[in-house]
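Colleague: Please find one structure pasted underneath; my questions will follow.
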Amino acid sequence: MRSLVNRRQFLALAAASGLTTACGTAPPEPDPAPPVDVGTPLRVPPLLHPDPGPDGVRHYELTLQAGETEILPGKQTPTWGFNGPFLGPTLRAARGDRVRMSIRNTLGEASTVHWHGLRLPAAMDGGPHRPVDPGAEWTPEWEIDQPAATAWYHPHPHGKTSLHLYHGLAGVFVIDDGPDAGLPSEYGVDDVPLILQDKMFAEDGSFSGDPLKGPFGILGDHVLVNGVYDPGFAVLTERVRFRVLNASNARMYTLELSDRRHFQVVGNDRGLLGTPAEVDQVPLTPGERVEIVVAFTPGEQVVLRTVDNGLDIGKGDFDLLRLVTASELRPTPAPGEQIVPFTAITPAADARVRHFTLNARDSINGRTMDMARIDEVVPTGAVEIWEVENSASSHNFHIHEVSFQILDVAGTPPPAHSAGYKDTVFVPTRSTVRLAVQFGRYADPGAPYMYHCHLLRHEDAGMMGQFVIVEPGTEDTVSRTLLLAHPGH
Ligand code: C2O
Ligand code: CU
């Protein structure tokens, strides 16, 4: 499979972007640009951005389905996807939009769809309490009310998240908030999502390995980008923004460019940074996202790769994406000194502090996940300090609904590239991470949100707890036990 971006396509792209003159005499014919040969082309997930209906609601339809995908040449891999055989479309919505999701499940088993990084009522969150049975439909609806960010969506069925993600159920959810702060923003051209997943393959091409076995489940030896193995991308602009999502079961990436050029981190999980942070490497654990802007020169090739960081979950060097630039690049301004106005999450001096210890045996504070047990009760709008201590092996920590900032890791404030709004954080072995956590405004004592390790084997094995958000003053009166609508799940 070869993909050539020839001069005609290049001019079409240039015209679409307003680069060519619109009137007057025809511009002189430029020398024919040599085609950009990228090898196997990167697949860019289609955008799903429906217009609002008569009721003012943007109505998205997502169907969970099984299919087959040619990932290794000449072999068909059984895969799962949303609206297609593998992975899902990129959903797009802006702050203030009302959205409705019609989730249909055509798989042979129940699943759920969780909106990772979205601020919404717990009943819409799509966690383990909200299974969608085969043949059934679920239609959550909410108003987008959060800053611009790269969020994502994936299944969250009790004890089976690792398997459903490994089969390929994951997609990006782009949140816009006003004009795009001078960052590259032409989807698929200079604003490109990169979904990273590592896999192991059996002889016949099917995914192998047991996501629930061993200390970490899957640590694959092939890393796919948007479901493609060893892809290339034709760079047509001076700068490209990549929205990188780690949708792997356990693998941690340490991203860099093959010539060690510097690049800019412009966003963390939950939003844009106030100021771009210049780096030559950036780490990314499962569930985390990072937005980066890379500058290019005409007619070059550089590889986005991950390098061994010495940790059990970060072993091995892998080339991820070949970036091949055209002989002429469309100008793109550099990100400004200030990307967006940024307000730090600042806990009050007497803020509530909660402590969580990630123990060996897949428990938190000595307890494994119980769907009927509410572990924590938090009032609406609270800003709290959550201390997450890792007493065992490699883990990270994700909290649904909230946005947080890292206060410190083992006593040291975070580097600039991870000082923004986040929802998932790496917790190094035998250290404590302190977080300033901003909770939302939707009270519902009967519907919990989750917090858990996002290494999916650990999550499935029970390294997860539940919290509810309630009206201030009612914390002590709400029930700590839930009646399960779906016992057995
Ligand atoms: Cu990415 Cu509980 O989720
Ligand atoms: Cu873990």
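Residues are named by chain letter and number: chains run A, B, ... in the order of the structure tokens, numbers start at 1 in each chain, and ligands are numbered from 1 in the order shown.
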Which residues are near ligand 1 in this structure, taking near to mean any atom at most 9 Å from a ligand atom and counting only C-alpha atoms and all ligand atoms? Format them as a list in words.
Modeller: His114, Trp115, His116, Gly117, Gly127, Pro128, Trp152, Tyr153, His154, Pro155, His156, Thr161, Ala247, Pro286, Gly287, Glu288, His398, Ile399, His400, Thr424, Tyr449, Met450, Tyr451, His452, Cys453, His454, Leu456, Glu459 and Met464 of chain A
Colleague: May I have the selected residues written with N, CA and C atoms, as a tab-separated table (two decimals), in the first residue's frame?
Modeller:
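Saved as selection_13.tsv:
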chain	number	residue	atom	x	y	z
A	114	HIS	N	-17.66	4.89	28.07
A	114	HIS	CA	-17.29	5.91	29.06
A	114	HIS	C	-16.61	7.08	28.35
A	115	TRP	N	-16.92	8.29	28.80
A	115	TRP	CA	-16.36	9.51	28.21
A	115	TRP	C	-15.21	9.97	29.09
A	116	HIS	N	-14.03	9.52	28.75
A	116	HIS	CA	-12.85	9.77	29.58
A	116	HIS	C	-12.36	11.21	29.35
A	117	GLY	N	-12.43	12.00	30.41
A	117	GLY	CA	-11.99	13.39	30.29
A	117	GLY	C	-13.14	14.36	30.13
A	127	GLY	N	-19.85	4.36	33.01
A	127	GLY	CA	-19.00	3.44	33.79
A	127	GLY	C	-19.63	2.07	33.88
A	128	PRO	N	-19.09	1.23	34.77
A	128	PRO	CA	-19.54	-0.16	34.88
A	128	PRO	C	-21.01	-0.32	35.29
A	152	TRP	N	-11.34	11.38	25.30
A	152	TRP	CA	-11.53	10.17	24.49
A	152	TRP	C	-12.68	9.35	25.03
A	153	TYR	N	-13.00	8.27	24.35
A	153	TYR	CA	-14.09	7.41	24.81
A	153	TYR	C	-13.69	5.96	24.61
A	154	HIS	N	-14.16	5.13	25.54
A	154	HIS	CA	-13.82	3.70	25.50
A	154	HIS	C	-14.77	2.94	26.41
A	155	PRO	N	-14.87	1.62	26.23
A	155	PRO	CA	-15.74	0.82	27.10
A	155	PRO	C	-15.19	0.74	28.52
A	156	HIS	N	-16.07	0.43	29.46
A	156	HIS	CA	-15.70	0.36	30.87
A	156	HIS	C	-16.48	-0.76	31.55
A	161	THR	N	-12.74	-4.19	30.86
A	161	THR	CA	-12.27	-3.02	30.12
A	161	THR	C	-11.03	-3.35	29.30
A	247	ALA	N	-3.84	4.79	24.33
A	247	ALA	CA	-4.98	3.90	24.54
A	247	ALA	C	-4.51	2.46	24.70
A	286	PRO	N	-0.87	5.02	30.15
A	286	PRO	CA	-2.19	4.69	29.60
A	286	PRO	C	-3.30	5.63	30.10
A	287	GLY	N	-4.10	6.11	29.17
A	287	GLY	CA	-5.19	7.03	29.49
A	287	GLY	C	-4.82	8.49	29.32
A	288	GLU	N	-3.52	8.79	29.39
A	288	GLU	CA	-3.10	10.19	29.28
A	288	GLU	C	-3.12	10.66	27.82
A	398	HIS	N	-6.31	7.59	37.63
A	398	HIS	CA	-7.26	8.39	36.84
A	398	HIS	C	-8.49	8.65	37.69
A	399	ILE	N	-9.00	9.86	37.61
A	399	ILE	CA	-10.25	10.20	38.31
A	399	ILE	C	-11.26	10.66	37.26
A	400	HIS	N	-12.43	10.05	37.28
A	400	HIS	CA	-13.50	10.46	36.36
A	400	HIS	C	-14.00	11.86	36.72
A	424	THR	N	-5.34	12.07	34.53
A	424	THR	CA	-4.64	10.80	34.69
A	424	THR	C	-3.18	11.14	34.96
A	449	TYR	N	-19.02	7.97	40.31
A	449	TYR	CA	-17.89	8.07	39.37
A	449	TYR	C	-16.78	7.15	39.89
A	450	MET	N	-15.83	6.84	39.01
A	450	MET	CA	-14.75	5.93	39.37
A	450	MET	C	-13.43	6.68	39.54
A	451	TYR	N	-12.54	6.12	40.33
A	451	TYR	CA	-11.11	6.46	40.26
A	451	TYR	C	-10.36	5.14	40.26
A	452	HIS	N	-9.27	5.09	39.52
A	452	HIS	CA	-8.60	3.78	39.37
A	452	HIS	C	-7.25	3.92	38.70
A	453	CYS	N	-6.49	2.84	38.79
A	453	CYS	CA	-5.28	2.72	37.98
A	453	CYS	C	-5.72	2.47	36.54
A	454	HIS	N	-5.10	3.18	35.57
A	454	HIS	CA	-5.49	3.00	34.17
A	454	HIS	C	-4.61	1.98	33.44
A	456	LEU	N	-4.83	-1.41	32.57
A	456	LEU	CA	-6.17	-2.00	32.55
A	456	LEU	C	-6.26	-3.34	33.26
A	459	GLU	N	-6.93	-2.25	36.77
A	459	GLU	CA	-8.30	-1.75	36.89
A	459	GLU	C	-9.29	-2.91	36.93
A	464	MET	N	-9.67	-0.06	41.93
A	464	MET	CA	-10.64	0.97	41.54
A	464	MET	C	-11.54	1.26	42.74
Colleague: Could you pull out all residues of stretch 156-392 of chain A with a DSSP call of alpha helix (DSSP H) and give them as number ranges by chain?
Modeller: A: 161-166
Colleague: Pull all heavy atoms from the residues just selected and write them as a CSV table (one decimal), in the first residue's frame.
Modeller:
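So the final result, stored in part28.csv, reads:
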chain,number,residue,atom,x,y,z
A,161,THR,N,-12.7,-4.2,30.9
A,161,THR,CA,-12.3,-3.0,30.1
A,161,THR,C,-11.0,-3.4,29.3
A,161,THR,O,-10.9,-3.0,28.1
A,161,THR,CB,-12.0,-1.9,31.1
A,161,THR,OG1,-13.2,-1.5,31.8
A,161,THR,CG2,-11.4,-0.7,30.4
A,162,SER,N,-10.1,-4.1,29.9
A,162,SER,CA,-8.8,-4.4,29.2
A,162,SER,C,-9.1,-5.1,27.9
A,162,SER,O,-8.5,-4.8,26.9
A,162,SER,CB,-7.9,-5.3,30.1
A,162,SER,OG,-8.6,-6.5,30.5
A,163,LEU,N,-10.0,-6.1,27.9
A,163,LEU,CA,-10.3,-6.9,26.7
A,163,LEU,C,-11.0,-6.0,25.6
A,163,LEU,O,-10.6,-6.1,24.5
A,163,LEU,CB,-11.2,-8.1,27.1
A,163,LEU,CG,-11.2,-9.2,26.2
A,163,LEU,CD1,-9.9,-9.9,26.2
A,163,LEU,CD2,-12.3,-10.2,26.5
A,164,HIS,N,-11.9,-5.2,26.0
A,164,HIS,CA,-12.7,-4.4,25.1
A,164,HIS,C,-11.8,-3.4,24.4
A,164,HIS,O,-11.9,-3.1,23.2
A,164,HIS,CB,-13.9,-3.8,25.7
A,164,HIS,CG,-15.0,-4.8,26.0
A,164,HIS,ND1,-16.4,-4.6,25.9
A,164,HIS,CD2,-14.9,-6.2,26.2
A,164,HIS,CE1,-17.1,-5.7,26.2
A,164,HIS,NE2,-16.2,-6.7,26.4
A,165,LEU,N,-10.9,-2.8,25.2
A,165,LEU,CA,-10.0,-1.8,24.6
A,165,LEU,C,-9.0,-2.5,23.7
A,165,LEU,O,-8.6,-2.0,22.6
A,165,LEU,CB,-9.2,-1.1,25.7
A,165,LEU,CG,-9.8,0.3,25.9
A,165,LEU,CD1,-10.1,0.6,27.3
A,165,LEU,CD2,-8.8,1.3,25.3
A,166,TYR,N,-8.5,-3.7,24.1
A,166,TYR,CA,-7.5,-4.4,23.4
A,166,TYR,C,-8.1,-4.8,22.0
A,166,TYR,O,-7.3,-4.8,21.0
A,166,TYR,CB,-7.0,-5.7,24.1
A,166,TYR,CG,-5.8,-6.3,23.5
A,166,TYR,CD1,-4.6,-5.5,23.3
A,166,TYR,CD2,-5.8,-7.7,23.2
A,166,TYR,CE1,-3.5,-6.1,22.8
A,166,TYR,CE2,-4.7,-8.3,22.7
A,166,TYR,CZ,-3.5,-7.5,22.4
A,166,TYR,OH,-2.4,-8.1,21.9
Colleague: Enter the distance from atom CA of A:Arg367 to atom CA of A:Gln466, in Å, rounded to one decimal.
Modeller: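 Between atom CA of A:Arg367 and atom CA of A:Gln466 the gap is 11.4 Å.
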Colleague: Using only C-alpha atoms and all ligand atoms, which residues of the polymer chains come no farther than 8 Å from ligand 2? I'd like the answer as a ChimeraX atom specification.
Modeller: /A:216,358,362,393-397,452-459,463
Colleague: Write the residues of the preceding selection, restricted to N, CA and C atoms, as an mmCIF file, in the first residue's frame.
Modeller:
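Contents of result_19.cif, freshly written:
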data_model
loop_
_atom_site.group_PDB
_atom_site.id
_atom_site.type_symbol
_atom_site.label_atom_id
_atom_site.label_comp_id
_atom_site.auth_asym_id
_atom_site.auth_seq_id
_atom_site.Cartn_x
_atom_site.Cartn_y
_atom_site.Cartn_z
ATOM 1 N N PHE A 216 1.175 -7.117 34.213
ATOM 2 C CA PHE A 216 0.627 -5.956 33.492
ATOM 3 C C PHE A 216 -0.317 -6.322 32.358
ATOM 4 N N LEU A 358 -2.033 2.799 46.639
ATOM 5 C CA LEU A 358 -2.162 1.738 45.644
ATOM 6 C C LEU A 358 -1.335 0.567 46.139
ATOM 7 N N ASP A 362 -3.692 -5.401 43.759
ATOM 8 C CA ASP A 362 -4.713 -4.661 43.028
ATOM 9 C C ASP A 362 -5.799 -4.061 43.902
ATOM 10 N N SER A 393 4.122 -1.801 42.503
ATOM 11 C CA SER A 393 4.865 -1.704 41.234
ATOM 12 C C SER A 393 4.388 -0.501 40.428
ATOM 13 N N SER A 394 4.503 -0.540 39.091
ATOM 14 C CA SER A 394 4.142 0.629 38.284
ATOM 15 C C SER A 394 2.627 0.813 38.220
ATOM 16 N N HIS A 395 2.159 2.021 38.497
ATOM 17 C CA HIS A 395 0.740 2.336 38.414
ATOM 18 C C HIS A 395 0.565 3.774 37.952
ATOM 19 N N ASN A 396 -0.631 4.063 37.467
ATOM 20 C CA ASN A 396 -1.012 5.465 37.347
ATOM 21 C C ASN A 396 -2.369 5.620 38.016
ATOM 22 N N PHE A 397 -2.962 6.809 37.911
ATOM 23 C CA PHE A 397 -4.195 7.067 38.652
ATOM 24 C C PHE A 397 -5.063 8.005 37.836
ATOM 25 N N HIS A 452 -9.272 5.090 39.518
ATOM 26 C CA HIS A 452 -8.598 3.784 39.374
ATOM 27 C C HIS A 452 -7.251 3.920 38.701
ATOM 28 N N CYS A 453 -6.486 2.840 38.787
ATOM 29 C CA CYS A 453 -5.279 2.722 37.978
ATOM 30 C C CYS A 453 -5.720 2.474 36.542
ATOM 31 N N HIS A 454 -5.097 3.182 35.565
ATOM 32 C CA HIS A 454 -5.491 2.999 34.166
ATOM 33 C C HIS A 454 -4.614 1.980 33.444
ATOM 34 N N LEU A 455 -3.793 1.243 34.203
ATOM 35 C CA LEU A 455 -3.198 0.032 33.635
ATOM 36 C C LEU A 455 -4.325 -0.990 33.722
ATOM 37 N N LEU A 456 -4.831 -1.408 32.573
ATOM 38 C CA LEU A 456 -6.170 -1.997 32.552
ATOM 39 C C LEU A 456 -6.259 -3.344 33.261
ATOM 40 N N ARG A 457 -5.159 -4.071 33.332
ATOM 41 C CA ARG A 457 -5.230 -5.314 34.097
ATOM 42 C C ARG A 457 -5.483 -5.004 35.568
ATOM 43 N N HIS A 458 -4.863 -3.956 36.054
ATOM 44 C CA HIS A 458 -5.040 -3.581 37.452
ATOM 45 C C HIS A 458 -6.462 -3.072 37.696
ATOM 46 N N GLU A 459 -6.934 -2.249 36.773
ATOM 47 C CA GLU A 459 -8.300 -1.748 36.890
ATOM 48 C C GLU A 459 -9.288 -2.914 36.928
ATOM 49 N N MET A 463 -8.342 -2.560 41.213
ATOM 50 C CA MET A 463 -7.665 -1.371 41.724
ATOM 51 C C MET A 463 -8.484 -0.142 41.320
#
Colleague: Can you tell me, as an MDAnalysis selection string, what residues are no more than 9 Å from A:His417 when counting only C-alpha atoms, ignoring any on the same chain fewer than 5 positions away?
Modeller: chainID A and resid 264:268 273 276:279 282 290
Colleague: Which value, in Å to one decimal, gives the distance between atom CA of A:Val294 and atom CA of A:Val225?
Modeller: 17.2 Å
Colleague: Give me the residues near A:Gly299 as an MDAnalysis selection string, where near means some atom within 9 Å (using only C-alpha atoms) and where sequence neighbours in that chain fewer than 2 positions away do not count.
Modeller: chainID A and resid 36 296:297 301 324:329
Colleague: Any chance you can output those residues with C-alpha atoms as a PDB file, in the first residue's frame?
Modeller:
ATOM      1  CA  VAL A  36       5.550  12.662  -0.938  1.00  0.00           C
ATOM      2  CA  PHE A 296       9.369  20.858  10.102  1.00  0.00           C
ATOM      3  CA  THR A 297      11.521  21.940   7.172  1.00  0.00           C
ATOM      4  CA  GLN A 301      12.052  12.792   7.050  1.00  0.00           C
ATOM      5  CA  VAL A 324       7.804  12.909   5.495  1.00  0.00           C
ATOM      6  CA  THR A 325       7.640  16.555   4.523  1.00  0.00           C
ATOM      7  CA  ALA A 326       6.739  18.023   1.143  1.00  0.00           C
ATOM      8  CA  SER A 327       9.254  20.097  -0.759  1.00  0.00           C
ATOM      9  CA  GLU A 328       7.197  23.191  -0.037  1.00  0.00           C
ATOM     10  CA  LEU A 329       5.452  23.685   3.298  1.00  0.00           C
TER      11      LEU A 329
END
Colleague: Let me make sure I understand: among A:Arg251, A:Thr481, A:Ala419, A:Ile103, which one has the smallest atom-to-atom distance to A:Asp375 if we use only C-alpha atoms?
Modeller: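 The shortest atom-to-atom distance to A:Asp375 comes from A:Thr481.
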Colleague: Residues of stretch 167-383 of chain A in strand (DSSP E or B) according to DSSP, as number ranges by chain?
Modeller: A: 171-176, 187, 191-201, 207-208, 222-225, 228-229, 232-237, 239-246, 253-257, 263-268, 271-279, 282-284, 289-295, 301-306, 318-330, 353-359, 363-364, 367, 373, 376-379, 383
Colleague: Write the residues of the selection above to a file with C-alpha atoms, as a compact mmCIF listing (two decimals), in the first residue's frame.
Modeller:
# COMPACT_ATOMS: atom_id res chain seq x y z
CA GLY A 171 -11.79 6.96 19.91
CA VAL A 172 -10.78 10.59 20.40
CA PHE A 173 -13.21 13.28 21.58
CA VAL A 174 -12.07 16.80 20.69
CA ILE A 175 -13.53 19.62 22.79
CA ASP A 176 -13.36 23.13 21.33
CA TYR A 187 -8.19 18.32 11.10
CA ASP A 191 -4.15 18.87 13.57
CA VAL A 192 -3.90 15.11 13.80
CA PRO A 193 -4.97 12.63 16.49
CA LEU A 194 -2.56 9.76 17.16
CA ILE A 195 -4.02 6.79 19.04
CA LEU A 196 -1.23 4.56 20.35
CA GLN A 197 -1.92 0.89 21.12
CA ASP A 198 0.58 -1.93 21.46
CA LYS A 199 -0.40 -5.40 20.32
CA MET A 200 0.85 -8.95 20.08
CA PHE A 201 -0.07 -11.03 17.06
CA PHE A 207 -4.35 -10.33 18.49
CA SER A 208 -2.72 -12.60 21.04
CA HIS A 222 3.96 -4.02 17.76
CA VAL A 223 2.81 -0.45 18.35
CA LEU A 224 -0.07 0.68 16.13
CA VAL A 225 -0.87 4.32 15.42
CA VAL A 228 -1.92 1.13 11.44
CA TYR A 229 1.40 -0.64 11.82
CA GLY A 232 3.87 7.39 7.45
CA PHE A 233 2.31 10.83 7.33
CA ALA A 234 2.78 13.49 4.64
CA VAL A 235 3.58 16.80 6.31
CA LEU A 236 2.37 19.74 4.19
CA THR A 237 2.68 22.56 6.72
CA ARG A 239 4.03 22.94 11.96
CA VAL A 240 1.76 20.08 12.90
CA ARG A 241 -0.17 19.64 16.12
CA PHE A 242 -0.50 16.04 17.21
CA ARG A 243 -3.07 15.04 19.81
CA VAL A 244 -1.46 11.91 21.18
CA LEU A 245 -3.61 9.45 23.14
CA ASN A 246 -2.18 6.46 24.96
CA TYR A 253 5.68 5.72 26.05
CA THR A 254 8.58 8.15 26.11
CA LEU A 255 7.98 10.11 22.94
CA GLU A 256 10.73 11.85 20.99
CA LEU A 257 11.69 12.72 17.42
CA PHE A 263 9.05 20.32 20.15
CA GLN A 264 6.37 22.10 22.14
CA VAL A 265 3.86 20.60 24.53
CA VAL A 266 0.76 22.78 24.27
CA GLY A 267 -1.83 20.71 26.11
CA ASN A 268 -2.30 18.05 28.79
CA GLY A 271 -6.82 21.38 28.40
CA LEU A 272 -4.28 23.70 26.85
CA LEU A 273 -1.29 24.96 28.78
CA GLY A 274 -1.01 28.67 29.48
CA THR A 275 2.44 28.72 27.85
CA PRO A 276 4.00 26.19 25.47
CA ALA A 277 6.60 23.99 27.18
CA GLU A 278 9.64 23.11 25.10
CA VAL A 279 10.86 19.52 25.46
CA VAL A 282 7.54 13.55 26.80
CA PRO A 283 6.24 10.57 28.81
CA LEU A 284 2.71 9.21 28.36
CA ARG A 289 -3.13 12.62 26.35
CA VAL A 290 -0.62 15.21 25.30
CA GLU A 291 -0.93 17.83 22.58
CA ILE A 292 2.36 18.65 20.90
CA VAL A 293 3.40 21.00 18.10
CA VAL A 294 6.33 19.90 15.93
CA ALA A 295 8.12 22.21 13.44
CA GLN A 301 12.05 12.79 7.05
CA VAL A 302 11.97 12.33 10.80
CA VAL A 303 10.42 9.59 12.92
CA LEU A 304 8.21 9.94 15.98
CA ARG A 305 9.31 7.14 18.25
CA THR A 306 9.27 5.89 21.82
CA PHE A 318 9.72 1.50 18.81
CA ASP A 319 9.32 3.66 15.73
CA LEU A 320 5.76 4.98 15.73
CA LEU A 321 5.24 7.30 12.76
CA ARG A 322 7.40 8.38 9.82
CA LEU A 323 6.94 12.07 9.09
CA VAL A 324 7.80 12.91 5.50
CA THR A 325 7.64 16.56 4.52
CA ALA A 326 6.74 18.02 1.14
CA SER A 327 9.25 20.10 -0.76
CA GLU A 328 7.20 23.19 -0.04
CA LEU A 329 5.45 23.69 3.30
CA ARG A 330 2.51 25.94 3.95
CA VAL A 353 -7.08 15.96 52.04
CA ARG A 354 -7.75 12.35 51.06
CA HIS A 355 -5.08 9.70 50.91
CA PHE A 356 -5.08 6.71 48.57
CA THR A 357 -2.52 3.93 48.70
CA LEU A 358 -2.16 1.74 45.64
CA ASN A 359 -1.36 -1.64 47.18
CA SER A 363 -6.38 -2.78 45.83
CA ILE A 364 -6.64 0.84 46.93
CA ARG A 367 -9.89 -2.68 49.38
CA ARG A 373 -19.76 0.35 47.90
CA GLU A 376 -15.78 8.63 48.97
CA VAL A 377 -18.41 11.36 49.15
CA VAL A 378 -17.49 14.81 47.78
CA PRO A 379 -19.55 18.02 47.78
CA VAL A 383 -11.36 21.70 45.48
Colleague: One decimal, in Å: what's the spacing between atom CA of A:Asp204 and atom CA of A:Asp308?
Modeller: 28.7 Å
Colleague: Counting only C-alpha atoms, which residue out of A:Thr285, A:Thr40, A:Ser111, A:Gln438 sits closest to A:Met252?
Modeller: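 Closest to A:Met252 of all the choices is A:Thr285.
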Colleague: Between A:Val132, A:Ala372, A:Ala410, A:Leu120, which one has atoms that come closest to A:Asp444, using only C-alpha atoms?
Modeller: A:Leu120
